[in-house]
Amino acid sequence: MLDTKRMLIERLTGIHSSKKNYYFDLKKKIEETAKRNTQLEILNQMAKSVNIDMSLEEMLESVTQKLRTVISFDQLSLSVIEDGRVALRASVPAERGKRLPQGQLSSGSVLHRVAESRQPLVWERRGREGAGEEDERLKAEGIATAAFLPLLAKNRVVGVLYLGSRDHAYSQPDLMFLGQMADHLAVFLENARLYREVLRSKVEWEETFAAVTDLIYVIDPGYRVVRVNQAVPEFFGLPVDQVVGRRCFEALHGRDQRCDPCPAAGALASGRTSFQQLRTPTGRILDVFSYPLFNEQRQLYGAIQYAKDVTQIVHSIKFVALGEMAAGVAHELNSPLTAIIGDAQLLLRDLSPDDPRYELIADIKNCGHRSRRIIQNLLAFSRQEEYSFGATDLNEVVERALALVGYQIEKSNVVLEKLLAPGLPRISADGQRLEQVLINLLLNAKDAVEEQEGQRRITIRTRAMKEREAEVSVADTGHGIKPEHLPHIFNPFFTTKKAGKGTGLGLSVSLGIVETHGGRILVESEPGRGSTFTVILPVDRKTAEGADEPAPREGRRAQRGEST
Amino acid sequence: MNISRNISKFVTPEIIFGTGALSQVGESAARLGAYKVFLVSDPGVVKAGWVDKALPYLERQGLSYHVWTGVSPNPKDHEVEEGVNEYLSSGCDAVVAIGGGSAIDAGKAVAILATNGGSIQDYEGIDRVTRPLPPMVVVPSTAGSGSEVSQFSIIVDTRRKVKMTIISKSLVPDIAITDPLLLATVDQRLTANTGLDALTHAIEAYVSVAATWLTDVHALSAMRLVASYLPASVASQTNEQAKVAMAMASLEAGLAFSNAILGAVHAMTHQLGGLLDMPHGEANAILLPYVMEFNRIAAMDKYIEIARALGAPVEGLSRREASLQAVEAVRRLAADIGVSEHLSRLGLKEEFIPQLSQNAVKDACLITNPRDATAEDIEAIFRKAL
Ligand SMILES: Nc1ncnc2c1ncn2[C@@H]1O[C@H](COP(=O)(O)OP(=O)(O)OP(=O)(O)O)[C@@H](O)[C@H]1O
Ligand SMILES: [Fe+2]
Ligand SMILES: [Mg+2]
């Protein structure tokens, strides 16, 4: 009683109190301002590192030191929450991170609570507010105060920032600052996520772009190629660096001036999509669409060229028309040709070869045969006529073909050599069609040797191969095939012969027939020395076809590539 | 001389004293760093023309100001609230109070809230202020309250109907300007009441258990001045010598009680002011002799000194007789200047007494009263004074 009274008196007379001092207050204010400045510096630094390419971990590391000067903490961690899963992104001290739960977000965890409420949560050891599953760990680690702050991006919690201290209680201004820090971290995470998303869709597009088998390339207004997809260098057989950076008409079309017509010119001039059909130096036909490109200011800065190889389509349209016409013409020409050939044969039978008319009439007969061959090729090309397969002796087929064209060949001073293997297995084939193939090959050989000086020789040879295959080859000592022509000789309508001499259908039709038999054609050729065409046929067509599905395709590739 | 406590403290503002000292108000505020002064006053002082007189002094120093006169006698919590709102919204940075105890106490309360925030109830009691107050210049217009030098501010809690005593060193104004000229406009009754308030301050401080040699010096000096000049001051509004002396008395009594605190009289009148809005000085004047009678046995020697200071004959009297002279002297002085002897005249009713007494024992001022007083003791004193 007495003591309390004395104490009260002491307080009343104020021995232990003084008027509050402004200097003291000012000092506190300055300290606060300095602290706030450092806080702003930290926030600033965080904001900046969003722009420079820095990882979240690096960014946190760079501010941790400074952070300690403005806010007391013994532990800090940053957890990212995505699709109900937690991933720890940073922890101070680092080894504490290993003890923190990750993966599926437990509904009893404090992170879950913060994510749900979107409100900061302050836990105090002596406080009423529990930290759920974390309660025990925090206590065990000797934490007195813990602050959990939600990282909000577009009103969605993308993570939680945690600070724990053993001796410090977080004040309202502390929490406000931590809230601002959390906002910056949220922006950081959100940016990183958006960047990943953009990158993913960019990669997706690039892959799509690359996967398209049609040609896609971008040019600038000066026709310089800026980008290409994989199909472009493949189609033109050029390395990428010989395309990109060069002008399209130089690199792709081998010209020193703009193509005429040029689809890009239209798009670049009008700003509208334009279309042109172009023919490449190698005779391919391309449908080229040109789409103008605009920047945000609606200024034209280039064009996307989309080119489709329509050679096949164009040709098949041609074939259909041709086929229909040929079928009609062939039908109409068949009877007169039969009459011409038959009558010529009748006349020849009555004439001695010494007769000066004999030559003339033989010519009539041969030209008749030639016409019939052309008609047959046209018919074969235009129609899927029924094949009639039967057990066929390849040597017999050779004999029949030679019976038809042998005389013609020998007449033009060519040595015709015939090397037929005895005891060839019979093969399953349409003899008539194979005869057509051999005639085509023999006549090509004849054409090839015709203008050659010196020895002119054509060798036709049959062989059995490994029991399962039989082959027949036609070799000549002709002018050979230029390497640049080699990839195209099997294309329909490809011919190097002058108009009226070749239609360019012979090899194309022949390959079609051989492939229908499950076989393939090999070509070896040396310019100036001669060529060899080898037809390889399976003995049993069915097994060859059924057993090994991709064989014909491979065969086709081989036959085109091989040359010596 | 009081030598019982060997460690003591004496707090005082800078004091500017003298006829015409009001002229120093602008310079004083400017010196303390003011840009815009919150001038607190009451309608009576404004009417007497003192505010108009002070403003040019502020202007001369290039200070701007905002005048607030929303104060009533026994200033109320809601008035303080309105005051601080005006202070903050008008962008003031210093307080100048010109007026009686009410205006000065209100100015102090506004100053507290201006920098400490919250409501004035938060600061009731001892040392609750945590942040420095804006600079304060105080000019008393009555001789009595002593508020211009004290660490007290008394504000009525209108909900609880009690006077809250706020005590803090920070409430001691930075500069107190006492200009006796201002006292000339005060009427007879107010002069008498405030004069006896000053006397009460001096006597309560003198017999306070917290009195020190420094407070004793001022308390005794104040008693002498009151005894010599109060009657003359009441008698004439223009007696300059009496006004100067009373201004001195008030100041010294203020210094004494601010540092030695008060006693039962103030513990009781605080309740009367809170419940019945009774004028403070008059209530003190009536209660003082009754409390003195009660306290006398606690400080007989000091009572003899009081009797001496008040000019009562003590030579040759017994200790008891001599000490009783102190009470008699106060009674005589009150009678001379026409102060009533009964609180019922000021509206006190019998039925209020128990409640008032209960509250009085809780008042901080009772702590330093020399004689221990229970609620029953207080009740008995109230009944005598009824
Ligand atoms: N044995 C060969 N020697 C050299 N070049 C050949 C030989 N066989 C084919 N070629 C080349 O391949 C081209 C295509 O041959 P293909 O038989 O398909 O058509 P063509 O002989 O020109 O015309 P068609 O046979 O329809 O009358 C020929 O124009 C020729 O350039
Ligand atoms: Fe008083
Ligand atoms: Mg041909």
# chains A, B, ... in the order shown; residues from 1 in each chain; ligands from 1
>>> residues_near_ligand(ligand="ligand 3", cutoff="7 Å", atoms="only C-alpha atoms and all ligand atoms", output="VMD selection string")
chain A and resid 440 to 441 443 to 444 502 504 to 507
>>> residues_around(residues="A:Arg372", least_positions_apart="4", cutoff="9 Å", atoms="only C-alpha atoms", output="list of chain:residue names")
A:Ala330, A:Leu333, A:Asn334, A:Leu337, A:Thr338, A:Cys367, A:Gly368, A:Gln376, A:Asn377
>>> write_last_selection(atoms="N, CA and C atoms", output="compact mmCIF listing (two decimals), in the first residue's frame")
# COMPACT_ATOMS: atom_id res chain seq x y z
N ALA A 330 -7.24 -44.47 -129.92
CA ALA A 330 -6.69 -45.81 -130.08
C ALA A 330 -7.71 -46.74 -130.72
N LEU A 333 -7.99 -45.80 -134.24
CA LEU A 333 -6.81 -46.08 -135.06
C LEU A 333 -6.50 -47.56 -135.18
N ASN A 334 -7.02 -48.34 -134.24
CA ASN A 334 -6.67 -49.76 -134.20
C ASN A 334 -7.00 -50.48 -135.51
N LEU A 337 -4.88 -49.27 -138.39
CA LEU A 337 -3.49 -49.73 -138.21
C LEU A 337 -3.37 -51.21 -138.50
N THR A 338 -4.38 -51.98 -138.04
CA THR A 338 -4.38 -53.42 -138.32
C THR A 338 -4.37 -53.66 -139.82
N CYS A 367 6.39 -48.41 -139.25
CA CYS A 367 5.73 -47.21 -138.71
C CYS A 367 4.38 -47.56 -138.11
N GLY A 368 3.73 -48.55 -138.70
CA GLY A 368 2.47 -49.03 -138.15
C GLY A 368 2.69 -49.57 -136.74
N GLN A 376 -0.55 -48.06 -127.48
CA GLN A 376 -0.56 -48.95 -126.31
C GLN A 376 -0.06 -48.25 -125.06
N ASN A 377 1.04 -47.52 -125.21
CA ASN A 377 1.56 -46.77 -124.07
C ASN A 377 0.52 -45.80 -123.52
>>> residues_around(residues="B:Ile155", least_positions_apart="3", cutoff="7 Å", atoms="only C-alpha atoms", output="mmCIF file with N, CA and C atoms, in the first residue's frame")
data_model
loop_
_atom_site.group_PDB
_atom_site.id
_atom_site.type_symbol
_atom_site.label_atom_id
_atom_site.label_comp_id
_atom_site.auth_asym_id
_atom_site.auth_seq_id
_atom_site.Cartn_x
_atom_site.Cartn_y
_atom_site.Cartn_z
ATOM 1 N N ASN B 74 -14.994 24.143 -18.546
ATOM 2 C CA ASN B 74 -14.895 22.692 -18.399
ATOM 3 C C ASN B 74 -14.916 22.032 -19.778
ATOM 4 N N PRO B 75 -13.845 22.111 -20.532
ATOM 5 C CA PRO B 75 -13.833 21.643 -21.928
ATOM 6 C C PRO B 75 -14.196 20.165 -22.041
ATOM 7 N N LYS B 76 -14.948 19.856 -23.103
ATOM 8 C CA LYS B 76 -15.509 18.512 -23.274
ATOM 9 C C LYS B 76 -14.724 17.724 -24.332
ATOM 10 N N ASP B 77 -14.827 16.407 -24.191
ATOM 11 C CA ASP B 77 -14.124 15.528 -25.128
ATOM 12 C C ASP B 77 -14.494 15.796 -26.586
ATOM 13 N N LYS B 163 -14.490 14.273 -14.960
ATOM 14 C CA LYS B 163 -13.352 15.019 -15.496
ATOM 15 C C LYS B 163 -12.180 14.064 -15.567
ATOM 16 N N MET B 164 -11.578 14.013 -16.749
ATOM 17 C CA MET B 164 -10.405 13.161 -16.870
ATOM 18 C C MET B 164 -9.183 14.018 -16.588
ATOM 19 N N THR B 165 -8.280 13.486 -15.758
ATOM 20 C CA THR B 165 -7.043 14.200 -15.498
ATOM 21 C C THR B 165 -5.965 13.600 -16.372
#
>>> select_by_dssp(residues="stretch 372-558 of chain A", states="alpha helix (DSSP H)", output="PyMOL selection string")
chain A and resi 372-382+394-411+431-450+506-516+541-547+551-558
>>> select_by_dssp(residues="stretch 37-238 of chain A", states="strand (DSSP E or B)", output="ChimeraX atom specification")
/A:75-82,85-92,103-104,109,121-124,132,145-153,156-165,215-219,224-228
>>> interface_residues(of="chain A", to="chain B", cutoff="9 Å", atoms="only C-alpha atoms", output="mmCIF file with N, CA, C and O atoms, in the first residue's frame")
data_model
loop_
_atom_site.group_PDB
_atom_site.id
_atom_site.type_symbol
_atom_site.label_atom_id
_atom_site.label_comp_id
_atom_site.auth_asym_id
_atom_site.auth_seq_id
_atom_site.Cartn_x
_atom_site.Cartn_y
_atom_site.Cartn_z
ATOM 1 N N LYS A 5 1.705 3.728 -3.159
ATOM 2 C CA LYS A 5 1.501 5.163 -3.038
ATOM 3 C C LYS A 5 2.779 5.905 -3.426
ATOM 4 O O LYS A 5 2.742 6.849 -4.216
ATOM 5 N N LEU A 8 3.187 5.778 -7.072
ATOM 6 C CA LEU A 8 2.261 6.677 -7.765
ATOM 7 C C LEU A 8 2.750 8.112 -7.688
ATOM 8 O O LEU A 8 2.694 8.853 -8.658
ATOM 9 N N ILE A 9 3.234 8.494 -6.491
ATOM 10 C CA ILE A 9 3.727 9.858 -6.323
ATOM 11 C C ILE A 9 4.903 10.117 -7.236
ATOM 12 O O ILE A 9 5.005 11.164 -7.887
ATOM 13 N N GLU A 10 5.772 9.089 -7.308
ATOM 14 C CA GLU A 10 6.934 9.249 -8.152
ATOM 15 C C GLU A 10 6.520 9.464 -9.599
ATOM 16 O O GLU A 10 7.082 10.270 -10.332
ATOM 17 N N ARG A 11 5.476 8.728 -9.987
ATOM 18 C CA ARG A 11 5.010 8.871 -11.356
ATOM 19 C C ARG A 11 4.380 10.244 -11.562
ATOM 20 O O ARG A 11 4.559 10.879 -12.592
ATOM 21 N N LEU A 12 3.630 10.665 -10.556
ATOM 22 C CA LEU A 12 2.955 11.959 -10.671
ATOM 23 C C LEU A 12 3.953 13.101 -10.807
ATOM 24 O O LEU A 12 3.794 13.993 -11.631
ATOM 25 N N THR A 13 4.972 13.077 -9.965
ATOM 26 C CA THR A 13 5.943 14.170 -10.012
ATOM 27 C C THR A 13 6.945 13.941 -11.135
ATOM 28 O O THR A 13 7.703 14.834 -11.489
ATOM 29 N N GLY A 14 6.925 12.729 -11.678
ATOM 30 C CA GLY A 14 7.612 12.482 -12.943
ATOM 31 C C GLY A 14 9.115 12.495 -12.909
ATOM 32 O O GLY A 14 9.758 12.941 -13.857
ATOM 33 N N ILE A 15 9.682 11.950 -11.838
ATOM 34 C CA ILE A 15 11.146 11.913 -11.795
ATOM 35 C C ILE A 15 11.696 11.127 -12.976
ATOM 36 O O ILE A 15 12.729 11.443 -13.536
ATOM 37 N N SER A 17 10.205 10.736 -15.940
ATOM 38 C CA SER A 17 9.694 11.063 -17.273
ATOM 39 C C SER A 17 10.114 12.474 -17.653
ATOM 40 O O SER A 17 10.421 13.290 -16.798
ATOM 41 N N SER A 18 10.162 12.699 -18.923
ATOM 42 C CA SER A 18 10.487 14.023 -19.444
ATOM 43 C C SER A 18 9.528 14.348 -20.564
ATOM 44 O O SER A 18 8.842 13.479 -21.073
ATOM 45 N N LYS A 19 9.538 15.583 -20.912
ATOM 46 C CA LYS A 19 8.767 16.017 -22.063
ATOM 47 C C LYS A 19 9.278 15.243 -23.272
ATOM 48 O O LYS A 19 10.490 15.065 -23.440
ATOM 49 N N LYS A 20 8.362 14.772 -24.094
ATOM 50 C CA LYS A 20 8.794 14.001 -25.271
ATOM 51 C C LYS A 20 9.614 14.900 -26.188
ATOM 52 O O LYS A 20 9.267 16.049 -26.432
ATOM 53 N N ASN A 21 10.696 14.290 -26.689
ATOM 54 C CA ASN A 21 11.703 15.067 -27.375
ATOM 55 C C ASN A 21 11.580 14.922 -28.880
ATOM 56 O O ASN A 21 11.496 13.814 -29.404
ATOM 57 N N TYR A 22 11.602 16.056 -29.574
ATOM 58 C CA TYR A 22 11.445 15.991 -31.021
ATOM 59 C C TYR A 22 12.656 15.393 -31.707
ATOM 60 O O TYR A 22 12.546 14.738 -32.728
ATOM 61 N N PHE A 24 14.455 13.015 -30.667
ATOM 62 C CA PHE A 24 14.268 11.584 -30.549
ATOM 63 C C PHE A 24 13.301 11.090 -31.608
ATOM 64 O O PHE A 24 13.541 10.113 -32.312
ATOM 65 N N ASP A 25 12.212 11.844 -31.716
ATOM 66 C CA ASP A 25 11.162 11.503 -32.675
ATOM 67 C C ASP A 25 11.711 11.563 -34.096
ATOM 68 O O ASP A 25 11.460 10.690 -34.916
#
>>> closest_residue(among="B:Leu190, B:Ala198, B:Leu181, B:Leu22", to="ligand 2", atoms="only C-alpha atoms and all ligand atoms")
B:Ala198
>>> atom_distance(atom1="atom CA of B:Ala267", atom2="atom CA of B:Ala360")
5.2 Å
>>> residues_around(residues="B:Glu321", least_positions_apart="6", cutoff="12 Å", atoms="only C-alpha atoms", output="number ranges by chain")
B: 296-297, 300-301, 303-304, 307, 312-315, 327-328
>>> write_last_selection(atoms="N, CA and C atoms", output="PDB file, in the first residue's frame")
ATOM      1  N   ARG B 296      -5.634  19.252   8.376  1.00  0.00           N
ATOM      2  CA  ARG B 296      -4.777  20.015   9.273  1.00  0.00           C
ATOM      3  C   ARG B 296      -3.872  19.126  10.131  1.00  0.00           C
ATOM      4  N   ILE B 297      -4.453  18.086  10.697  1.00  0.00           N
ATOM      5  CA  ILE B 297      -3.654  17.278  11.632  1.00  0.00           C
ATOM      6  C   ILE B 297      -2.511  16.551  10.951  1.00  0.00           C
ATOM      7  N   MET B 300       0.561  19.948  10.595  1.00  0.00           N
ATOM      8  CA  MET B 300       0.334  21.102  11.465  1.00  0.00           C
ATOM      9  C   MET B 300       1.359  22.191  11.292  1.00  0.00           C
ATOM     10  N   ASP B 301       2.647  21.830  11.190  1.00  0.00           N
ATOM     11  CA  ASP B 301       3.690  22.847  11.058  1.00  0.00           C
ATOM     12  C   ASP B 301       3.519  23.632   9.767  1.00  0.00           C
ATOM     13  N   TYR B 303       0.773  24.115   8.294  1.00  0.00           N
ATOM     14  CA  TYR B 303      -0.403  24.980   8.441  1.00  0.00           C
ATOM     15  C   TYR B 303      -0.027  26.287   9.138  1.00  0.00           C
ATOM     16  N   ILE B 304       0.896  26.166  10.084  1.00  0.00           N
ATOM     17  CA  ILE B 304       1.342  27.385  10.779  1.00  0.00           C
ATOM     18  C   ILE B 304       2.030  28.317   9.788  1.00  0.00           C
ATOM     19  N   ALA B 307      -0.584  29.977   7.756  1.00  0.00           N
ATOM     20  CA  ALA B 307      -1.211  31.063   8.510  1.00  0.00           C
ATOM     21  C   ALA B 307      -0.330  32.302   8.463  1.00  0.00           C
ATOM     22  N   ALA B 312      -1.957  35.789   9.130  1.00  0.00           N
ATOM     23  CA  ALA B 312      -2.739  35.575  10.355  1.00  0.00           C
ATOM     24  C   ALA B 312      -1.800  35.604  11.561  1.00  0.00           C
ATOM     25  N   PRO B 313      -2.315  36.063  12.713  1.00  0.00           N
ATOM     26  CA  PRO B 313      -1.458  36.119  13.888  1.00  0.00           C
ATOM     27  C   PRO B 313      -1.241  34.723  14.454  1.00  0.00           C
ATOM     28  N   VAL B 314       0.032  34.301  14.601  1.00  0.00           N
ATOM     29  CA  VAL B 314       0.326  32.978  15.153  1.00  0.00           C
ATOM     30  C   VAL B 314       1.244  33.049  16.354  1.00  0.00           C
ATOM     31  N   GLU B 315       1.900  34.192  16.531  1.00  0.00           N
ATOM     32  CA  GLU B 315       2.856  34.305  17.633  1.00  0.00           C
ATOM     33  C   GLU B 315       2.106  34.129  18.952  1.00  0.00           C
ATOM     34  N   VAL B 327      -6.814  27.957   8.568  1.00  0.00           N
ATOM     35  CA  VAL B 327      -8.181  27.739   8.069  1.00  0.00           C
ATOM     36  C   VAL B 327      -8.991  29.019   8.198  1.00  0.00           C
ATOM     37  N   GLU B 328      -8.826  29.639   9.354  1.00  0.00           N
ATOM     38  CA  GLU B 328      -9.577  30.870   9.607  1.00  0.00           C
ATOM     39  C   GLU B 328      -9.215  31.952   8.593  1.00  0.00           C
TER      40      GLU B 328
END
>>> residues_near_ligand(ligand="ligand 1", cutoff="9 Å", atoms="only C-alpha atoms and all ligand atoms", output="PDB file with C-alpha atoms, in the first residue's frame")
ATOM      1  CA  ARG A 373       3.196 -48.943-129.517  1.00  0.00           C
ATOM      2  CA  ILE A 374       2.445 -45.318-128.861  1.00  0.00           C
ATOM      3  CA  ASN A 377       1.561 -46.771-124.066  1.00  0.00           C
ATOM      4  CA  LEU A 378      -1.148 -44.144-124.009  1.00  0.00           C
ATOM      5  CA  ASN A 440      10.179 -49.576-124.615  1.00  0.00           C
ATOM      6  CA  LEU A 441      13.602 -50.375-123.200  1.00  0.00           C
ATOM      7  CA  LEU A 442      14.917 -51.731-126.518  1.00  0.00           C
ATOM      8  CA  LEU A 443      13.686 -48.717-128.443  1.00  0.00           C
ATOM      9  CA  ASN A 444      15.201 -46.313-125.893  1.00  0.00           C
ATOM     10  CA  ALA A 445      18.470 -48.196-126.251  1.00  0.00           C
ATOM     11  CA  LYS A 446      18.211 -48.007-130.019  1.00  0.00           C
ATOM     12  CA  ASP A 447      17.596 -44.235-129.832  1.00  0.00           C
ATOM     13  CA  ALA A 448      20.593 -43.903-127.502  1.00  0.00           C
ATOM     14  CA  VAL A 449      23.055 -45.720-129.720  1.00  0.00           C
ATOM     15  CA  VAL A 474      18.880 -54.116-121.587  1.00  0.00           C
ATOM     16  CA  ALA A 475      22.355 -52.632-121.917  1.00  0.00           C
ATOM     17  CA  ASP A 476      23.476 -50.222-124.607  1.00  0.00           C
ATOM     18  CA  THR A 477      26.616 -48.404-125.638  1.00  0.00           C
ATOM     19  CA  GLY A 478      24.707 -45.191-126.241  1.00  0.00           C
ATOM     20  CA  HIS A 479      25.204 -41.625-125.070  1.00  0.00           C
ATOM     21  CA  GLY A 480      24.101 -42.334-121.512  1.00  0.00           C
ATOM     22  CA  ILE A 481      22.002 -40.151-119.222  1.00  0.00           C
ATOM     23  CA  LYS A 482      23.135 -36.822-117.776  1.00  0.00           C
ATOM     24  CA  HIS A 485      18.257 -35.923-115.873  1.00  0.00           C
ATOM     25  CA  LEU A 486      18.536 -39.140-113.982  1.00  0.00           C
ATOM     26  CA  HIS A 488      13.405 -37.363-113.824  1.00  0.00           C
ATOM     27  CA  ILE A 489      13.523 -40.044-116.507  1.00  0.00           C
ATOM     28  CA  PHE A 490      10.694 -42.033-114.946  1.00  0.00           C
ATOM     29  CA  ASN A 491       8.444 -38.996-114.768  1.00  0.00           C
ATOM     30  CA  PRO A 492       5.684 -39.042-117.303  1.00  0.00           C
ATOM     31  CA  PHE A 493       6.215 -36.687-120.240  1.00  0.00           C
ATOM     32  CA  PHE A 494       9.887 -36.282-119.424  1.00  0.00           C
ATOM     33  CA  THR A 495      11.772 -36.552-122.648  1.00  0.00           C
ATOM     34  CA  THR A 496      14.983 -35.195-124.090  1.00  0.00           C
ATOM     35  CA  LYS A 497      14.029 -36.186-127.577  1.00  0.00           C
ATOM     36  CA  LYS A 498      12.829 -33.754-130.166  1.00  0.00           C
ATOM     37  CA  GLY A 500       7.516 -36.007-132.668  1.00  0.00           C
ATOM     38  CA  LYS A 501      10.228 -38.423-131.680  1.00  0.00           C
ATOM     39  CA  GLY A 502       9.453 -39.005-127.996  1.00  0.00           C
ATOM     40  CA  THR A 503       6.377 -38.602-125.840  1.00  0.00           C
ATOM     41  CA  GLY A 504       8.203 -39.199-122.546  1.00  0.00           C
ATOM     42  CA  LEU A 505       5.811 -41.950-121.604  1.00  0.00           C
ATOM     43  CA  GLY A 506       7.919 -45.080-122.242  1.00  0.00           C
ATOM     44  CA  LEU A 507       9.782 -45.386-118.939  1.00  0.00           C
ATOM     45  CA  SER A 508       6.889 -44.087-116.889  1.00  0.00           C
ATOM     46  CA  VAL A 509       4.540 -46.716-118.294  1.00  0.00           C
ATOM     47  CA  SER A 510       7.199 -49.412-117.991  1.00  0.00           C
ATOM     48  CA  SER A 525      24.399 -45.059-116.735  1.00  0.00           C
ATOM     49  CA  PRO A 527      27.371 -40.371-119.942  1.00  0.00           C
ATOM     50  CA  GLY A 530      26.099 -46.269-122.240  1.00  0.00           C
ATOM     51  CA  SER A 531      23.254 -47.311-119.958  1.00  0.00           C
ATOM     52  CA  THR A 532      21.858 -50.476-118.484  1.00  0.00           C
ATOM     53  CA  PHE A 533      18.204 -50.855-117.468  1.00  0.00           C
TER      54      PHE A 533
END
>>> residues_near_ligand(ligand="ligand 2", cutoff="10 Å", atoms="only C-alpha atoms and all ligand atoms", output="PyMOL selection string")
chain B and resi 101+144-147+152+154+194+196-202+204+253-254+257+262+265-267+269-270+280-285
